[in-house]
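Colleague: Below is the file work-v2.cif, which contains mmCIF, C-alpha atoms and all ligand atoms; chains and numbers go by the auth columns.
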```cif
data_model
loop_
_atom_site.group_PDB
_atom_site.id
_atom_site.type_symbol
_atom_site.label_atom_id
_atom_site.label_comp_id
_atom_site.label_asym_id
_atom_site.label_seq_id
_atom_site.Cartn_x
_atom_site.Cartn_y
_atom_site.Cartn_z
_atom_site.B_iso_or_equiv
_atom_site.auth_seq_id
_atom_site.auth_asym_id
ATOM 1 C CA MET A 1 291.427 93.680 269.513 0.00 1 O
ATOM 2 C CA THR A 2 293.582 92.677 272.392 0.00 2 O
ATOM 3 C CA LYS A 3 293.812 94.870 275.424 0.00 3 O
ATOM 4 C CA ALA A 4 297.393 95.815 274.448 0.00 4 O
ATOM 5 C CA ILE A 5 296.305 97.044 271.025 0.00 5 O
ATOM 6 C CA VAL A 6 293.442 99.060 272.524 0.00 6 O
ATOM 7 C CA CYS A 7 295.920 100.732 274.858 0.00 7 O
ATOM 8 C CA ALA A 8 298.318 101.457 271.989 0.00 8 O
ATOM 9 C CA VAL A 9 295.536 103.056 269.952 0.00 9 O
ATOM 10 C CA ALA A 10 294.437 105.122 272.924 0.00 10 O
ATOM 11 C CA ALA A 11 298.006 106.295 273.499 0.00 11 O
ATOM 12 C CA ALA A 12 298.402 107.241 269.834 0.00 12 O
ATOM 13 C CA LEU A 13 295.185 109.257 269.938 0.00 13 O
ATOM 14 C CA SER A 14 296.394 111.037 273.063 0.00 14 O
ATOM 15 C CA VAL A 15 299.699 111.958 271.389 0.00 15 O
ATOM 16 C CA ALA A 16 297.832 113.145 268.294 0.00 16 O
ATOM 17 C CA THR A 17 295.652 115.419 270.459 0.00 17 O
ATOM 18 C CA LEU A 18 298.686 116.934 272.171 0.00 18 O
ATOM 19 C CA ALA A 19 300.430 117.435 268.827 0.00 19 O
ATOM 20 C CA HIS A 20 297.560 119.653 267.690 0.00 20 O
ATOM 21 C CA ALA A 21 297.557 121.833 270.821 0.00 21 O
ATOM 22 C CA GLU A 22 299.412 125.129 270.805 0.00 22 O
ATOM 23 C CA SER A 23 302.780 125.247 272.513 0.00 23 O
ATOM 24 C CA MET A 24 303.568 127.206 275.640 0.00 24 O
ATOM 25 C CA GLN A 25 304.895 130.700 274.999 0.00 25 O
ATOM 26 C CA ILE A 26 307.658 132.447 276.910 0.00 26 O
ATOM 27 C CA SER A 27 307.750 136.230 276.579 0.00 27 O
ATOM 28 C CA ALA A 28 311.214 137.062 277.873 0.00 28 O
ATOM 29 C CA ASN A 29 311.793 139.873 280.329 0.00 29 O
ATOM 30 C CA GLY A 30 313.461 142.691 278.402 0.00 30 O
ATOM 31 C CA SER A 31 311.591 141.961 275.159 0.00 31 O
ATOM 32 C CA ARG A 32 308.677 144.281 275.975 0.00 32 O
ATOM 33 C CA PRO A 33 309.699 147.957 276.113 0.00 33 O
ATOM 34 C CA SER A 34 308.589 150.130 279.030 0.00 34 O
ATOM 35 C CA ALA A 35 306.378 153.094 278.264 0.00 35 O
ATOM 36 C CA LYS A 36 305.613 156.312 280.109 0.00 36 O
ATOM 37 C CA GLY A 37 302.076 156.580 281.420 0.00 37 O
ATOM 38 C CA PRO A 38 300.545 159.269 279.180 0.00 38 O
ATOM 39 C CA ASP A 39 299.968 162.697 280.725 0.00 39 O
ATOM 40 C CA ALA A 40 296.371 162.637 279.528 0.00 40 O
ATOM 41 C CA ASN A 41 295.579 159.709 281.834 0.00 41 O
ATOM 42 C CA PHE A 42 298.069 160.027 284.696 0.00 42 O
ATOM 43 C CA THR A 43 299.363 162.658 287.125 0.00 43 O
ATOM 44 C CA GLY A 44 303.064 162.462 287.964 0.00 44 O
ATOM 45 C CA SER A 45 305.654 159.954 286.802 0.00 45 O
ATOM 46 C CA VAL A 46 304.269 156.543 285.839 0.00 46 O
ATOM 47 C CA VAL A 47 305.989 153.697 283.969 0.00 47 O
ATOM 48 C CA VAL A 48 303.960 150.943 282.306 0.00 48 O
ATOM 49 C CA ASP A 49 305.704 147.638 281.581 0.00 49 O
ATOM 50 C CA PRO A 50 303.431 145.575 279.346 0.00 50 O
ATOM 51 C CA LEU A 51 303.262 141.893 280.343 0.00 51 O
ATOM 52 C CA TYR A 52 300.827 140.402 277.836 0.00 52 O
ATOM 53 C CA ALA A 53 298.137 141.486 275.425 0.00 53 O
ATOM 54 C CA ALA A 54 294.580 140.227 275.491 0.00 54 O
ATOM 55 C CA SER A 55 293.848 137.242 273.272 0.00 55 O
ATOM 56 C CA ALA A 56 290.774 135.274 272.248 0.00 56 O
ATOM 57 C CA ASP A 57 291.719 132.826 275.012 0.00 57 O
ATOM 58 C CA THR A 58 292.510 135.213 277.891 0.00 58 O
ATOM 59 C CA HIS A 59 290.090 138.125 277.306 0.00 59 O
ATOM 60 C CA ASN A 60 292.365 140.289 279.478 0.00 60 O
ATOM 61 C CA SER A 61 295.706 142.057 279.312 0.00 61 O
ATOM 62 C CA GLY A 62 298.410 142.313 281.956 0.00 62 O
ATOM 63 C CA GLY A 63 300.750 145.156 282.818 0.00 63 O
ATOM 64 C CA LEU A 64 303.111 146.189 285.594 0.00 64 O
ATOM 65 C CA VAL A 65 302.481 149.833 286.488 0.00 65 O
ATOM 66 C CA SER A 66 304.926 151.761 288.675 0.00 66 O
ATOM 67 C CA PHE A 67 304.035 155.124 290.242 0.00 67 O
ATOM 68 C CA GLU A 68 306.457 157.562 291.884 0.00 68 O
ATOM 69 C CA PRO A 69 305.269 159.216 295.128 0.00 69 O
ATOM 70 C CA GLY A 70 302.328 161.493 294.342 0.00 70 O
ATOM 71 C CA ALA A 71 301.613 159.852 290.992 0.00 71 O
ATOM 72 C CA ARG A 72 298.177 158.401 290.247 0.00 72 O
ATOM 73 C CA SER A 73 295.797 157.465 287.485 0.00 73 O
ATOM 74 C CA ALA A 74 292.984 159.724 286.367 0.00 74 O
ATOM 75 C CA TRP A 75 289.458 158.757 287.345 0.00 75 O
ATOM 76 C CA HIS A 76 288.360 155.867 285.146 0.00 76 O
ATOM 77 C CA SER A 77 286.275 152.726 284.896 0.00 77 O
ATOM 78 C CA HIS A 78 286.723 149.331 283.233 0.00 78 O
ATOM 79 C CA PRO A 79 283.876 147.965 281.113 0.00 79 O
ATOM 80 C CA ALA A 80 284.678 144.386 282.135 0.00 80 O
ATOM 81 C CA GLY A 81 286.471 144.955 285.464 0.00 81 O
ATOM 82 C CA GLN A 82 290.080 144.886 286.627 0.00 82 O
ATOM 83 C CA THR A 83 292.206 142.992 289.133 0.00 83 O
ATOM 84 C CA LEU A 84 295.151 144.799 290.750 0.00 84 O
ATOM 85 C CA ILE A 85 297.922 142.908 292.550 0.00 85 O
ATOM 86 C CA ILE A 86 300.164 145.162 294.635 0.00 86 O
ATOM 87 C CA VAL A 87 303.784 144.147 294.048 0.00 87 O
ATOM 88 C CA SER A 88 305.850 146.706 295.943 0.00 88 O
ATOM 89 C CA GLY A 89 305.623 149.966 297.860 0.00 89 O
ATOM 90 C CA THR A 90 302.523 151.569 299.345 0.00 90 O
ATOM 91 C CA GLY A 91 299.589 152.865 297.352 0.00 91 O
ATOM 92 C CA TRP A 92 296.186 154.442 297.560 0.00 92 O
ATOM 93 C CA ILE A 93 293.013 153.336 295.802 0.00 93 O
ATOM 94 C CA GLN A 94 289.573 154.900 295.925 0.00 94 O
ATOM 95 C CA GLU A 95 286.202 154.312 294.356 0.00 95 O
ATOM 96 C CA ASP A 96 283.897 157.246 293.692 0.00 96 O
ATOM 97 C CA GLY A 97 282.058 158.145 296.891 0.00 97 O
ATOM 98 C CA GLY A 98 284.126 155.738 298.984 0.00 98 O
ATOM 99 C CA ALA A 99 287.014 156.012 301.406 0.00 99 O
ATOM 100 C CA LYS A 100 290.627 156.117 300.251 0.00 100 O
ATOM 101 C CA HIS A 101 292.343 152.808 301.075 0.00 101 O
ATOM 102 C CA THR A 102 296.035 152.141 301.642 0.00 102 O
ATOM 103 C CA VAL A 103 297.288 149.037 299.821 0.00 103 O
ATOM 104 C CA LYS A 104 300.494 147.070 300.242 0.00 104 O
ATOM 105 C CA PRO A 105 302.347 144.190 298.546 0.00 105 O
ATOM 106 C CA GLY A 106 300.236 141.045 298.308 0.00 106 O
ATOM 107 C CA ASP A 107 296.945 142.922 298.442 0.00 107 O
ATOM 108 C CA VAL A 108 294.600 142.002 295.574 0.00 108 O
ATOM 109 C CA ILE A 109 291.884 144.448 294.517 0.00 109 O
ATOM 110 C CA TRP A 110 288.935 143.621 292.253 0.00 110 O
ATOM 111 C CA THR A 111 287.183 146.587 290.645 0.00 111 O
ATOM 112 C CA PRO A 112 283.840 145.554 289.156 0.00 112 O
ATOM 113 C CA PRO A 113 282.716 146.610 285.665 0.00 113 O
ATOM 114 C CA GLY A 114 281.756 150.272 285.333 0.00 114 O
ATOM 115 C CA LEU A 115 282.865 151.381 288.806 0.00 115 O
ATOM 116 C CA ARG A 116 284.523 154.823 288.739 0.00 116 O
ATOM 117 C CA HIS A 117 287.840 154.803 290.644 0.00 117 O
ATOM 118 C CA TRP A 118 291.526 155.695 290.674 0.00 118 O
ATOM 119 C CA HIS A 119 294.735 154.076 291.916 0.00 119 O
ATOM 120 C CA GLY A 120 298.283 155.217 292.504 0.00 120 O
ATOM 121 C CA ALA A 121 301.110 155.882 294.922 0.00 121 O
ATOM 122 C CA THR A 122 300.747 157.576 298.289 0.00 122 O
ATOM 123 C CA SER A 123 302.052 161.125 298.649 0.00 123 O
ATOM 124 C CA SER A 124 305.204 159.824 300.348 0.00 124 O
ATOM 125 C CA ASN A 125 305.881 156.393 298.774 0.00 125 O
ATOM 126 C CA GLY A 126 305.894 154.846 295.332 0.00 126 O
ATOM 127 C CA VAL A 127 303.892 151.753 294.447 0.00 127 O
ATOM 128 C CA SER A 128 303.933 149.098 291.745 0.00 128 O
ATOM 129 C CA HIS A 129 300.990 146.921 290.835 0.00 129 O
ATOM 130 C CA ILE A 130 300.191 144.307 288.246 0.00 130 O
ATOM 131 C CA ALA A 131 296.964 145.230 286.476 0.00 131 O
ATOM 132 C CA ILE A 132 294.942 142.438 284.868 0.00 132 O
ATOM 133 C CA THR A 133 292.303 144.243 282.863 0.00 133 O
ATOM 134 C CA ASN A 134 289.389 142.467 281.235 0.00 134 O
ATOM 135 C CA VAL A 135 288.324 143.380 277.715 0.00 135 O
ATOM 136 C CA LYS A 136 284.776 143.784 276.444 0.00 136 O
ATOM 137 C CA ASP A 137 284.024 144.669 272.823 0.00 137 O
ATOM 138 C CA GLY A 138 287.685 145.581 272.338 0.00 138 O
ATOM 139 C CA LYS A 139 287.766 148.122 275.206 0.00 139 O
ATOM 140 C CA ASN A 140 289.329 147.771 278.648 0.00 140 O
ATOM 141 C CA VAL A 141 289.151 151.307 280.099 0.00 141 O
ATOM 142 C CA GLU A 142 287.070 154.476 279.956 0.00 142 O
ATOM 143 C CA TRP A 143 289.252 157.437 280.977 0.00 143 O
ATOM 144 C CA GLN A 144 287.725 160.426 282.774 0.00 144 O
ATOM 145 C CA GLU A 145 289.113 163.606 284.370 0.00 145 O
ATOM 146 C CA LYS A 146 292.276 163.732 286.448 0.00 146 O
ATOM 147 C CA VAL A 147 292.264 163.310 290.225 0.00 147 O
ATOM 148 C CA SER A 148 292.796 166.794 291.681 0.00 148 O
ATOM 149 C CA ASP A 149 295.331 167.403 294.456 0.00 149 O
ATOM 150 C CA ALA A 150 292.422 168.071 296.839 0.00 150 O
ATOM 151 C CA GLN A 151 290.766 164.754 295.966 0.00 151 O
ATOM 152 C CA TYR A 152 294.085 162.909 296.111 0.00 152 O
ATOM 153 C CA LEU A 153 295.064 164.244 299.537 0.00 153 O
ATOM 154 C CA ASP A 154 291.554 164.125 301.044 0.00 154 O
HETATM 155 MN MN MN B . 291.624 150.778 287.265 0.00 1 I
#
```
Could you rewrite the structure in this file as structure tokens?
Ligand code: MN
Modeller:
Amino acid sequence: MTKAIVCAVAAALSVATLAHAESMQISANGSRPSAKGPDANFTGSVVVDPLYAASADTHNSGGLVSFEPGARSAWHSHPAGQTLIIVSGTGWIQEDGGAKHTVKPGDVIWTPPGLRHWHGATSSNGVSHIAITNVKDGKNVEWQEKVSDAQYLD
């Protein structure tokens, strides 16, 4: 074969490979309904905007969670860990036995698998964060009891 033919064959193979790949997917803003954070797992007013579901490729799901002042999650842990990206406002996060930390937009928090913790707004300001939650054996969270006012304000 000439060099030109070799190149043409290589190019054809490359195109064939691309043709078999999945296409990019755009999930349009407005196509995923907001949901209220359930009272069983949250204190105060919380809105969850789903971003994407876990897949065999990603192994994690994404959601935008918005807390009004005073609102927070219950105590919980994640079997495969969770990344939080603070998007707006001012929030509090705390791991069991640790100090309460103030978090602001651009802060990124990694919670390792199994670590008991909570996250939410401060008592005076709302907060929104993107939660990227890893999935293990089909589960991404283990909910526990609510964070009491005394624990929240401590
Ligand atoms: Mn969490």
Colleague: Just want the residues within 7 Å of ligand MN 1 (chain I), written as a ChimeraX atom specification, counting all atoms listed in the file.
Modeller: /O:76-78,82,111,117-119
Colleague: If you count only C-alpha atoms, which residues fall within 12 Å of O:Ala53, apart from same-chain ones fewer than 2 positions away, as a PyMOL selection string?
Modeller: chain O and resi 27+32+49-51+55-63+131-135+138+140
Colleague: Can you measure atom CA of O:Met24 to atom CA of O:Val47 for me? One decimal in Å is fine.
Modeller: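 About the pair atom CA of O:Met24 and atom CA of O:Val47: they are 27.9 Å apart.
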Colleague: For this structure, which residues satisfy the selection - the PyMOL selection byres (((chain O and resi 145) around 9) and not hetatm) - when it is evaluated on the file as given? I want them as a ChimeraX atom specification.
Modeller: /O:40-41,74-76,143-144,146-148
Colleague: Out of O:Ser23, O:Ser66, O:Ser34, O:Thr122, which residue has the shortest atom-to-atom distance to O:Ile93 when counting all atoms listed in the file?
Modeller: O:Thr122
Colleague: Could you work out how far atom CA of O:Gln151 lies from atom CA of O:Val46, giving the answer in Å with one decimal?
Modeller: 18.8 Å
Colleague: Excluding O:Val87 and any residue of its chain fewer than 2 positions from it, enumerate the residues within 10 Å of it, using all atoms listed in the file, and give them as a ChimeraX atom specification.
Modeller: /O:64-66,84-85,89-90,103-108,127-130
Colleague: Go ahead and save the picked residues with C-alpha atoms, as a PDB file, in the coordinates of the input.
Modeller:
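File out-v7.pdb, as written:
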```pdb
ATOM      1  CA  LEU O  64     303.111 146.189 285.594  1.00  0.00           C
ATOM      2  CA  VAL O  65     302.481 149.833 286.488  1.00  0.00           C
ATOM      3  CA  SER O  66     304.926 151.761 288.675  1.00  0.00           C
ATOM      4  CA  LEU O  84     295.151 144.799 290.750  1.00  0.00           C
ATOM      5  CA  ILE O  85     297.922 142.908 292.550  1.00  0.00           C
ATOM      6  CA  GLY O  89     305.623 149.966 297.860  1.00  0.00           C
ATOM      7  CA  THR O  90     302.523 151.569 299.345  1.00  0.00           C
ATOM      8  CA  VAL O 103     297.288 149.037 299.821  1.00  0.00           C
ATOM      9  CA  LYS O 104     300.494 147.070 300.242  1.00  0.00           C
ATOM     10  CA  PRO O 105     302.347 144.190 298.546  1.00  0.00           C
ATOM     11  CA  GLY O 106     300.236 141.045 298.308  1.00  0.00           C
ATOM     12  CA  ASP O 107     296.945 142.922 298.442  1.00  0.00           C
ATOM     13  CA  VAL O 108     294.600 142.002 295.574  1.00  0.00           C
ATOM     14  CA  VAL O 127     303.892 151.753 294.447  1.00  0.00           C
ATOM     15  CA  SER O 128     303.933 149.098 291.745  1.00  0.00           C
ATOM     16  CA  HIS O 129     300.990 146.921 290.835  1.00  0.00           C
ATOM     17  CA  ILE O 130     300.191 144.307 288.246  1.00  0.00           C
TER      18      ILE O 130
END
```
Colleague: Using only C-alpha atoms, pick whichever of O:Leu153, O:Ala71, O:Ala21, O:Ala80 has the shortest atom-to-atom distance to O:Gly44.
Modeller: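 When distances to O:Gly44 are compared using only C-alpha atoms, the smallest one comes from O:Ala71.
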Colleague: Restricting the calculation to only C-alpha atoms: of O:Ser31, O:Val141, O:Arg72, O:Phe67, which residue gets closest to O:Val48?
Modeller: O:Phe67
Colleague: Show which residues sit within 8 Å of O:Gly70, as a list of chain:residue names. Count all atoms listed in the file, and ignore same-chain residues fewer than 6 positions away.
Modeller: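 Once the adjacent positions are removed, what remains is O:Thr43, O:Gly44, O:Gly120, O:Ala121, O:Thr122, O:Ser123, O:Ser124, O:Asn125, O:Gly126.
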Colleague: Please produce a file of those selected residues containing C-alpha atoms, as a short mmCIF file (atom, residue, chain, number, x, y, z; two decimals), in the frame of the given file.
Modeller:
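Once everything was written out, this is out.cif:
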```cif
data_model
loop_
_atom_site.label_atom_id
_atom_site.label_comp_id
_atom_site.auth_asym_id
_atom_site.auth_seq_id
_atom_site.Cartn_x
_atom_site.Cartn_y
_atom_site.Cartn_z
CA THR O 43 299.36 162.66 287.12
CA GLY O 44 303.06 162.46 287.96
CA GLY O 120 298.28 155.22 292.50
CA ALA O 121 301.11 155.88 294.92
CA THR O 122 300.75 157.58 298.29
CA SER O 123 302.05 161.12 298.65
CA SER O 124 305.20 159.82 300.35
CA ASN O 125 305.88 156.39 298.77
CA GLY O 126 305.89 154.85 295.33
#
```
Colleague: Using all atoms listed in the file, which of O:Tyr152, O:Lys136, O:Pro69, O:Asn29 sits nearest O:Asp96?
Modeller: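 When distances to O:Asp96 are compared using all atoms listed in the file, the smallest one comes from O:Tyr152.
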Colleague: Have a look at O:Lys139, O:Tyr52, O:His101, O:Gly37 and name the one nearest to O:Ser73; count only C-alpha atoms.
Modeller: O:Gly37
Colleague: To one decimal place, how far is atom CA of O:Trp110 from atom CA of O:Pro38 in Å?
Modeller: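 Answer for the atom CA of O:Trp110 to atom CA of O:Pro38 separation: 23.5 Å.
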Colleague: Go through O:Asp39, O:Glu68, O:Glu142, O:Glu22 and flag the residue nearest O:Gly114, using only C-alpha atoms for the distances.
Modeller: O:Glu142
